[in-house]
Every structure is written in structure tokens, then in C-alpha cells.
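Novice: Data: final32.pdb, PDB, C-alpha atoms.
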```
ATOM      1  CA  MET Q   1     -25.531  16.308 -38.277
ATOM      2  CA  ASN Q   2     -28.399  18.664 -37.583
ATOM      3  CA  MET Q   3     -28.247  21.485 -35.027
ATOM      4  CA  LYS Q   4     -30.771  19.933 -32.623
ATOM      5  CA  ARG Q   5     -28.885  16.644 -32.492
ATOM      6  CA  MET Q   6     -25.528  18.362 -31.982
ATOM      7  CA  ILE Q   7     -26.853  20.551 -29.154
ATOM      8  CA  ARG Q   8     -28.480  17.526 -27.499
ATOM      9  CA  ASP Q   9     -25.167  15.629 -27.674
ATOM     10  CA  VAL Q  10     -23.182  18.587 -26.291
ATOM     11  CA  HIS Q  11     -25.741  19.008 -23.527
ATOM     12  CA  HIS Q  12     -25.619  15.294 -22.695
ATOM     13  CA  TRP Q  13     -21.831  14.847 -22.611
ATOM     14  CA  ALA Q  14     -21.015  18.204 -21.024
ATOM     15  CA  SER Q  15     -23.330  17.424 -18.122
ATOM     16  CA  ILE Q  16     -21.440  14.200 -17.457
ATOM     17  CA  VAL Q  17     -18.008  15.876 -17.672
ATOM     18  CA  VAL Q  18     -18.822  18.579 -15.111
ATOM     19  CA  ALA Q  19     -21.083  16.550 -12.817
ATOM     20  CA  LEU Q  20     -18.633  16.117  -9.915
ATOM     21  CA  PRO Q  21     -17.420  19.737  -9.669
ATOM     22  CA  LEU Q  22     -21.002  20.977 -10.010
ATOM     23  CA  ILE Q  23     -22.273  18.682  -7.256
ATOM     24  CA  VAL Q  24     -19.539  20.055  -4.972
ATOM     25  CA  MET Q  25     -20.304  23.674  -5.976
ATOM     26  CA  ILE Q  26     -24.050  23.280  -5.562
ATOM     27  CA  GLY Q  27     -23.804  21.427  -2.229
ATOM     28  CA  ALA Q  28     -21.409  23.974  -0.744
ATOM     29  CA  GLY Q  29     -23.433  26.835  -2.240
ATOM     30  CA  LEU Q  30     -26.598  25.569  -0.561
ATOM     31  CA  LEU Q  31     -24.789  25.466   2.787
ATOM     32  CA  LEU Q  32     -23.491  28.998   2.242
ATOM     33  CA  MET Q  33     -27.030  30.219   1.551
ATOM     34  CA  VAL Q  34     -28.109  29.191   5.049
ATOM     35  CA  LYS Q  35     -24.899  30.021   6.929
ATOM     36  CA  LYS Q  36     -26.568  32.767   8.995
ATOM     37  CA  GLU Q  37     -29.440  30.458   9.958
ATOM     38  CA  ILE Q  38     -27.342  27.450  11.020
ATOM     39  CA  ASP Q  39     -24.994  28.124  13.936
ATOM     40  CA  TRP Q  40     -22.910  25.040  13.075
ATOM     41  CA  ILE Q  41     -21.788  26.709   9.837
ATOM     42  CA  GLN Q  42     -21.142  30.226  11.126
ATOM     43  CA  PRO Q  43     -21.428  31.227  14.781
ATOM     44  CA  PRO Q  44     -24.093  33.886  15.367
ATOM     45  CA  THR Q  45     -22.844  37.400  16.055
ATOM     46  CA  GLN Q  46     -23.232  38.249  19.719
ATOM     47  CA  LYS Q  47     -24.252  41.687  20.897
ATOM     48  CA  GLY Q  48     -21.644  43.713  22.749
ATOM     49  CA  SER Q  49     -21.634  47.214  24.191
ATOM     50  CA  VAL Q  50     -23.121  49.211  21.356
ATOM     51  CA  ILE Q  51     -21.809  52.697  20.728
ATOM     52  CA  ALA Q  52     -23.862  54.886  18.417
ATOM     53  CA  VAL Q  53     -22.131  54.980  15.032
ATOM     54  CA  GLN Q  54     -22.209  58.796  15.028
ATOM     55  CA  SER Q  55     -20.419  59.002  18.357
ATOM     56  CA  ILE Q  56     -17.541  56.578  17.692
ATOM     57  CA  GLU Q  57     -15.066  59.443  17.345
ATOM     58  CA  ALA Q  58     -16.300  61.020  20.578
ATOM     59  CA  ASP Q  59     -16.180  57.658  22.381
ATOM     60  CA  ALA Q  60     -12.963  56.408  20.757
ATOM     61  CA  GLY Q  61     -11.236  56.519  24.130
ATOM     62  CA  SER Q  62     -13.662  53.929  25.471
ATOM     63  CA  LEU Q  63     -12.964  51.437  22.666
ATOM     64  CA  GLN Q  64     -10.432  48.651  23.082
ATOM     65  CA  SER Q  65      -7.327  48.800  20.891
ATOM     66  CA  LEU Q  66      -6.624  46.030  18.372
ATOM     67  CA  ASP Q  67      -3.848  44.752  20.623
ATOM     68  CA  GLU Q  68      -6.294  44.488  23.550
ATOM     69  CA  LEU Q  69      -8.895  42.725  21.399
ATOM     70  CA  VAL Q  70      -6.318  40.195  20.136
ATOM     71  CA  GLU Q  71      -5.031  39.680  23.679
ATOM     72  CA  ALA Q  72      -8.589  38.873  24.810
ATOM     73  CA  ALA Q  73      -8.837  36.326  21.974
ATOM     74  CA  ARG Q  74      -5.444  34.892  22.936
ATOM     75  CA  THR Q  75      -6.667  34.486  26.529
ATOM     76  CA  ALA Q  76      -9.798  32.640  25.354
ATOM     77  CA  ARG Q  77      -8.030  30.389  22.848
ATOM     78  CA  PRO Q  78      -4.253  30.444  23.380
ATOM     79  CA  GLU Q  79      -3.503  27.591  20.962
ATOM     80  CA  SER Q  80      -5.109  29.496  18.045
ATOM     81  CA  PHE Q  81      -3.690  32.959  18.722
ATOM     82  CA  THR Q  82      -0.002  32.739  19.612
ATOM     83  CA  ASP Q  83       0.968  35.783  17.525
ATOM     84  CA  TRP Q  84      -0.335  38.160  14.841
ATOM     85  CA  GLY Q  85       0.637  35.658  12.146
ATOM     86  CA  ASP Q  86      -2.084  33.312  13.382
ATOM     87  CA  LEU Q  87      -4.810  35.809  12.494
ATOM     88  CA  GLU Q  88      -6.870  35.317   9.355
ATOM     89  CA  ARG Q  89      -8.786  38.557   9.861
ATOM     90  CA  ILE Q  90     -10.612  40.790  12.308
ATOM     91  CA  ASP Q  91     -14.200  41.753  11.491
ATOM     92  CA  ILE Q  92     -15.382  44.762  13.460
ATOM     93  CA  LYS Q  93     -19.142  45.144  13.751
ATOM     94  CA  PRO Q  94     -19.697  48.628  15.246
ATOM     95  CA  LYS Q  95     -23.500  48.359  15.214
ATOM     96  CA  LYS Q  96     -23.264  45.190  17.301
ATOM     97  CA  GLY Q  97     -20.335  46.397  19.416
ATOM     98  CA  VAL Q  98     -18.304  43.290  18.583
ATOM     99  CA  ALA Q  99     -14.986  42.364  17.007
ATOM    100  CA  LYS Q 100     -14.787  38.908  15.457
ATOM    101  CA  ILE Q 101     -11.190  37.739  15.627
ATOM    102  CA  ILE Q 102     -10.710  34.778  13.303
ATOM    103  CA  SER Q 103      -7.631  32.559  13.354
ATOM    104  CA  LYS Q 104      -6.106  30.681  10.434
ATOM    105  CA  ASP Q 105      -7.303  27.421  12.030
ATOM    106  CA  ARG Q 106     -10.901  28.754  11.704
ATOM    107  CA  TRP Q 107     -11.581  29.530  15.366
ATOM    108  CA  GLU Q 108     -13.569  32.688  15.978
ATOM    109  CA  VAL Q 109     -13.483  34.676  19.202
ATOM    110  CA  GLN Q 110     -16.026  37.476  19.553
ATOM    111  CA  VAL Q 111     -14.890  40.281  21.832
ATOM    112  CA  ASP Q 112     -16.859  43.258  23.149
ATOM    113  CA  LEU Q 113     -15.427  46.451  21.591
ATOM    114  CA  VAL Q 114     -15.812  48.493  24.780
ATOM    115  CA  SER Q 115     -15.191  46.134  27.692
ATOM    116  CA  GLY Q 116     -12.854  43.670  25.960
ATOM    117  CA  THR Q 117     -14.931  40.796  27.345
ATOM    118  CA  VAL Q 118     -14.939  37.559  25.369
ATOM    119  CA  LEU Q 119     -18.547  37.011  24.294
ATOM    120  CA  GLN Q 120     -18.163  33.734  22.407
ATOM    121  CA  THR Q 121     -15.584  31.261  21.164
ATOM    122  CA  ALA Q 122     -16.674  28.917  18.377
ATOM    123  CA  TYR Q 123     -15.393  27.042  15.341
ATOM    124  CA  ARG Q 124     -16.283  28.774  12.060
ATOM    125  CA  ARG Q 125     -16.980  26.430   9.131
ATOM    126  CA  SER Q 126     -18.302  28.961   6.613
ATOM    127  CA  ASP Q 127     -14.831  29.892   5.324
ATOM    128  CA  LEU Q 128     -13.983  26.221   4.781
ATOM    129  CA  ILE Q 129     -17.272  25.675   2.942
ATOM    130  CA  GLU Q 130     -16.585  28.763   0.809
ATOM    131  CA  SER Q 131     -13.153  27.407  -0.164
ATOM    132  CA  ILE Q 132     -14.810  24.095  -1.118
ATOM    133  CA  HIS Q 133     -17.446  25.985  -3.106
ATOM    134  CA  ASP Q 134     -14.913  27.926  -5.186
ATOM    135  CA  GLY Q 135     -12.477  24.992  -5.495
ATOM    136  CA  SER Q 136      -9.514  26.601  -3.739
ATOM    137  CA  PHE Q 137      -9.732  23.944  -0.994
ATOM    138  CA  PHE Q 138      -8.685  21.129  -3.339
ATOM    139  CA  ALA Q 139      -5.573  22.509  -5.016
ATOM    140  CA  LYS Q 140      -4.003  25.806  -5.950
ATOM    141  CA  GLY Q 141      -5.154  25.706  -9.585
ATOM    142  CA  ALA Q 142      -8.481  23.933  -9.057
ATOM    143  CA  LYS Q 143     -10.388  27.211  -8.720
ATOM    144  CA  LEU Q 144      -9.332  28.487 -12.147
ATOM    145  CA  TRP Q 145      -8.730  25.236 -14.026
ATOM    146  CA  ILE Q 146     -11.592  23.012 -12.817
ATOM    147  CA  PHE Q 147     -14.301  25.014 -11.068
ATOM    148  CA  LEU Q 148     -14.323  28.057 -13.378
ATOM    149  CA  PRO Q 149     -14.601  25.898 -16.522
ATOM    150  CA  ALA Q 150     -17.291  23.820 -14.783
ATOM    151  CA  GLY Q 151     -19.216  27.028 -14.118
ATOM    152  CA  LEU Q 152     -18.829  28.081 -17.747
ATOM    153  CA  VAL Q 153     -19.989  24.667 -18.933
ATOM    154  CA  LEU Q 154     -22.963  24.959 -16.553
ATOM    155  CA  PHE Q 155     -23.815  28.252 -18.258
ATOM    156  CA  GLY Q 156     -23.591  26.459 -21.626
ATOM    157  CA  LEU Q 157     -25.810  23.665 -20.298
ATOM    158  CA  TRP Q 158     -28.347  26.272 -19.255
ATOM    159  CA  LEU Q 159     -28.306  27.824 -22.749
ATOM    160  CA  THR Q 160     -28.573  24.484 -24.562
ATOM    161  CA  GLY Q 161     -31.275  23.382 -22.126
ATOM    162  CA  LEU Q 162     -33.294  26.503 -22.935
ATOM    163  CA  TYR Q 163     -32.831  25.827 -26.637
ATOM    164  CA  LEU Q 164     -33.947  22.216 -26.263
ATOM    165  CA  PHE Q 165     -36.903  23.284 -24.116
ATOM    166  CA  PHE Q 166     -38.208  26.010 -26.410
ATOM    167  CA  LEU Q 167     -37.449  24.360 -29.770
ATOM    168  CA  PRO Q 168     -40.557  22.080 -29.770
ATOM    169  CA  HIS Q 169     -42.750  25.037 -28.788
ATOM    170  CA  TYR Q 170     -41.237  27.139 -31.571
ATOM    171  CA  LYS Q 171     -41.742  24.339 -34.127
ATOM    172  CA  LEU Q 172     -45.366  23.917 -33.014
ATOM    173  CA  TRP Q 173     -45.944  27.659 -33.317
ATOM    174  CA  GLN Q 174     -44.420  27.646 -36.827
ATOM    175  CA  LYS Q 175     -46.582  24.687 -37.840
ATOM    176  CA  ARG Q 176     -49.767  26.382 -36.578
ATOM    177  CA  ARG Q 177     -48.845  29.598 -38.342
ATOM    178  CA  LEU Q 178     -48.183  27.686 -41.589
ATOM    179  CA  ASN Q 179     -51.487  25.814 -41.281
ATOM    180  CA  ALA Q 180     -53.343  29.076 -40.598
ATOM    181  CA  ALA Q 181     -51.738  30.675 -43.691
ATOM    182  CA  ARG Q 182     -52.791  27.679 -45.822
ATOM    183  CA  ALA Q 183     -56.339  27.849 -44.471
ATOM    184  CA  ASP Q 184     -56.659  31.492 -45.596
TER     185      ASP Q 184
END
```
Spit out the file's structure as C-alpha cells when you get a sec.
Specialist:
Amino acid sequence: MNMKRMIRDVHHWASIVVALPLIVMIGAGLLLMVKKEIDWIQPPTQKGSVIAVQSIEADAGSLQSLDELVEAARTARPESFTDWGDLERIDIKPKKGVAKIISKDRWEVQVDLVSGTVLQTAYRRSDLIESIHDGSFFAKGAKLWIFLPAGLVLFGLWLTGLYLFFLPHYKLWQKRRLNAARAD
């Protein structure tokens, strides 16, 4: 079997084997690319009381404590924030004056860092889409045993596709060079 035929067969069959994981990865990846532009995917960051970054230490007394920020989130969405164990994370955005308090059930409450006022409560889908994109949504081992190999096979498809694309051009160049050498 010649090299071109073997690479074409590998390219053909590998693309079929990884089609489903790649469709999932590409679809979720496209959504993640526009997550800041589409509020449905990730709620926009509101603007709170902004404290100059240089003066945070001087104004530290005017900032809310983490307990106060979480309590504000608990007041806005009591079913999502019953205790600290319900928290997925807290993102503090000092330049915007906001703390994003995100629960494990994907609800996000944005709280003003200075006043402790709830600025927005919204469902956050970007983390779910990210877990679909990397495969961790489907099963514990899917990320490493399905989606990683699919990504590696995609890299191989890219390489074999480049080979198959440039091979005819290379052969044509060789033929012209051979014909030019014969003409001389």
C-alpha cells in the first residue's frame, strides 16, 4: 500500500471515529467564543462602586467582607446559597467594583463591593458549556479518555489533510522541474 493511499484511509476513517466528540467540542467552543456577547450564556458584569485599584488598601474599611457579600447573595437567592458549601467560587472584579458569587447550581449573584447591594441575579450557562466542551459533563473519564484522544486525532486529521492538500502541488512542481531539466 502506498503512503498516499494509507494517509487517505487514515484520514477518512479517523474523521468518522471522532465525529461525534468533535461536533460537541466545536459546538460548545463556538458558544464559548461568544459568551461575553450573549447574555444568555454568561450574564454581563454590572458596574458597582468603583474604588481606584491603588487606593484599595486605604479604602479597605469601606469594602464589604466576604461574609457580607455571601449574605447579600443568600438574601437574593436563598435556595442557592444556604451555606458556604453551596459556593462554586467568588470572582472579585475590583475595577468594576463587583463580586460575582457563583453557586454550584450555576446561579450568579453580583454584589457591589462597597455597598453590598445586589446588582444582578442570573443563571450562568458558560460553566456548563465549558464542561460540555471539555467532556467532563458526560462522565468522570470522558475528558481524558474520549475528548483528549478526539483532540489528538483532530490534530492528526489536520496533518494528514495538509499532506493530502499539498501533495498534488508538490508532484506538479516536481513534474515541471523535471520537464524544465529535460528541456535544457
Novice: Please provide as a list in words all residues within 12 Å of Glu130 of chain Q, with the sequence filter that same-chain residues fewer than 5 positions apart are discarded (counting all atoms listed in the file).
Specialist: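 Residues meeting the cut-off are Val24, Met25, Ile26, Gly27, Ala28, Gly29, Leu30, Leu31, Leu32, Met33, Lys35, Ile41, Gln42, Arg124, Arg125, Gly135, Ser136, Phe137, Phe138 and Lys143 of chain Q.
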Novice: What's the 9 Å shell around Val10 of chain Q, counting all atoms listed in the file, without same-chain residues fewer than 4 positions away, as a PyMOL selection string?
Specialist: chain Q and resi 5-6+14-15+157+160
Novice: Once the PyMOL selection byres ((chain Q and resi 114) around 10) has been evaluated on this model, what residues remain selected, and can you format them as a list in words?
Specialist: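 Evaluating the PyMOL selection byres ((chain Q and resi 114) around 10) on these coordinates yields Gly48, Ser49, Val50, Ile51, Asp59, Ala60, Gly61, Ser62, Leu63, Gln64, Ser65, Leu69, Gly97, Val98, Ala99, Val111, Asp112, Leu113, Ser115, Gly116 and Thr117 of chain Q.
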Novice: How far is it from atom CA of Trp40 of chain Q to atom CA of Lys104 of chain Q, in Å with one decimal?
Specialist: 17.9 Å
Novice: What is the distance, in Å and to one decimal place, between atom CA of Ala73 of chain Q and atom CA of Ile102 of chain Q?
Specialist: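 Going from atom CA of Ala73 of chain Q over to atom CA of Ile102 of chain Q covers 9.0 Å.
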Novice: Of the candidates Q:Glu68, Q:Glu108, Q:Glu88, Q:Asp134, which shows the shortest atom-to-atom distance to Thr121 of chain Q, using only C-alpha atoms?
Specialist: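 Among the listed residues, Q:Glu108 lies closest to Thr121 of chain Q.
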Novice: Could you tell me which residues the PyMOL selection byres ((chain Q and resi 77) around 10) returns for this structure, as a PyMOL selection string?
Specialist: chain Q and resi 71-76+78-82+103+107-109+121-122
Novice: Would you mind completing segment 6-17 of chain Q to all heavy atoms and writing the output as a short mmCIF file (atom, residue, chain, number, x, y, z; two decimals), keeping the file's coordinate frame?
Specialist:
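Just written: rebuild-v7.cif:
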```cif
data_model
loop_
_atom_site.label_atom_id
_atom_site.label_comp_id
_atom_site.auth_asym_id
_atom_site.auth_seq_id
_atom_site.Cartn_x
_atom_site.Cartn_y
_atom_site.Cartn_z
N MET Q 6 -26.83 17.95 -32.49
CA MET Q 6 -25.53 18.36 -31.98
C MET Q 6 -25.67 19.01 -30.59
O MET Q 6 -24.92 18.69 -29.68
CB MET Q 6 -24.86 19.35 -32.94
CG MET Q 6 -23.46 19.72 -32.51
SD MET Q 6 -22.70 20.91 -33.60
CE MET Q 6 -23.50 22.40 -33.05
N ILE Q 7 -26.65 19.88 -30.45
CA ILE Q 7 -26.85 20.55 -29.15
C ILE Q 7 -27.26 19.53 -28.09
O ILE Q 7 -26.80 19.60 -26.95
CB ILE Q 7 -27.88 21.69 -29.28
CG1 ILE Q 7 -27.22 22.84 -30.03
CG2 ILE Q 7 -28.39 22.15 -27.93
CD1 ILE Q 7 -28.08 24.04 -30.25
N ARG Q 8 -28.09 18.57 -28.45
CA ARG Q 8 -28.48 17.53 -27.50
C ARG Q 8 -27.26 16.70 -27.07
O ARG Q 8 -27.10 16.41 -25.88
CB ARG Q 8 -29.54 16.62 -28.12
CG ARG Q 8 -30.20 15.75 -27.07
CD ARG Q 8 -31.35 14.89 -27.58
NE ARG Q 8 -32.08 15.45 -28.67
CZ ARG Q 8 -32.37 14.81 -29.82
NH1 ARG Q 8 -31.97 13.58 -30.01
NH2 ARG Q 8 -33.06 15.39 -30.77
N ASP Q 9 -26.37 16.38 -28.01
CA ASP Q 9 -25.17 15.63 -27.67
C ASP Q 9 -24.22 16.45 -26.78
O ASP Q 9 -23.67 15.93 -25.80
CB ASP Q 9 -24.43 15.19 -28.94
CG ASP Q 9 -25.14 14.06 -29.66
OD1 ASP Q 9 -26.03 13.43 -29.04
OD2 ASP Q 9 -24.80 13.80 -30.83
N VAL Q 10 -24.03 17.71 -27.11
CA VAL Q 10 -23.18 18.59 -26.29
C VAL Q 10 -23.77 18.69 -24.89
O VAL Q 10 -23.05 18.58 -23.89
CB VAL Q 10 -23.04 19.99 -26.94
CG1 VAL Q 10 -22.47 20.99 -25.96
CG2 VAL Q 10 -22.17 19.91 -28.19
N HIS Q 11 -25.06 18.89 -24.82
CA HIS Q 11 -25.74 19.01 -23.53
C HIS Q 11 -25.56 17.72 -22.71
O HIS Q 11 -25.25 17.77 -21.52
CB HIS Q 11 -27.24 19.29 -23.77
CG HIS Q 11 -28.00 19.65 -22.55
ND1 HIS Q 11 -28.05 20.93 -22.05
CD2 HIS Q 11 -28.75 18.91 -21.71
CE1 HIS Q 11 -28.80 20.96 -20.97
NE2 HIS Q 11 -29.23 19.74 -20.74
N HIS Q 12 -25.72 16.61 -23.35
CA HIS Q 12 -25.62 15.29 -22.70
C HIS Q 12 -24.20 15.05 -22.16
O HIS Q 12 -24.01 14.75 -20.98
CB HIS Q 12 -26.02 14.21 -23.69
CG HIS Q 12 -25.85 12.82 -23.19
ND1 HIS Q 12 -26.76 12.23 -22.34
CD2 HIS Q 12 -24.88 11.90 -23.40
CE1 HIS Q 12 -26.35 11.00 -22.05
NE2 HIS Q 12 -25.21 10.78 -22.68
N TRP Q 13 -23.20 15.17 -23.01
CA TRP Q 13 -21.83 14.85 -22.61
C TRP Q 13 -21.22 15.90 -21.69
O TRP Q 13 -20.46 15.57 -20.78
CB TRP Q 13 -20.96 14.60 -23.83
CG TRP Q 13 -21.34 13.31 -24.49
CD1 TRP Q 13 -22.00 13.16 -25.67
CD2 TRP Q 13 -21.13 12.00 -23.98
NE1 TRP Q 13 -22.22 11.83 -25.93
CE2 TRP Q 13 -21.68 11.09 -24.90
CE3 TRP Q 13 -20.53 11.49 -22.84
CZ2 TRP Q 13 -21.65 9.73 -24.71
CZ3 TRP Q 13 -20.50 10.12 -22.66
CH2 TRP Q 13 -21.05 9.26 -23.57
N ALA Q 14 -21.55 17.15 -21.89
CA ALA Q 14 -21.02 18.20 -21.02
C ALA Q 14 -21.54 18.04 -19.60
O ALA Q 14 -20.81 18.27 -18.63
CB ALA Q 14 -21.39 19.58 -21.57
N SER Q 15 -22.78 17.61 -19.47
CA SER Q 15 -23.33 17.42 -18.12
C SER Q 15 -22.61 16.30 -17.38
O SER Q 15 -22.42 16.37 -16.17
CB SER Q 15 -24.84 17.15 -18.19
OG SER Q 15 -25.10 15.96 -18.88
N ILE Q 16 -22.18 15.29 -18.09
CA ILE Q 16 -21.44 14.20 -17.46
C ILE Q 16 -20.03 14.66 -17.06
O ILE Q 16 -19.55 14.35 -15.96
CB ILE Q 16 -21.37 12.97 -18.39
CG1 ILE Q 16 -22.77 12.37 -18.55
CG2 ILE Q 16 -20.39 11.94 -17.88
CD1 ILE Q 16 -22.89 11.31 -19.61
N VAL Q 17 -19.38 15.43 -17.93
CA VAL Q 17 -18.01 15.88 -17.67
C VAL Q 17 -17.92 16.76 -16.42
O VAL Q 17 -16.99 16.65 -15.64
CB VAL Q 17 -17.45 16.62 -18.91
CG1 VAL Q 17 -16.16 17.33 -18.60
CG2 VAL Q 17 -17.26 15.64 -20.06
#
```
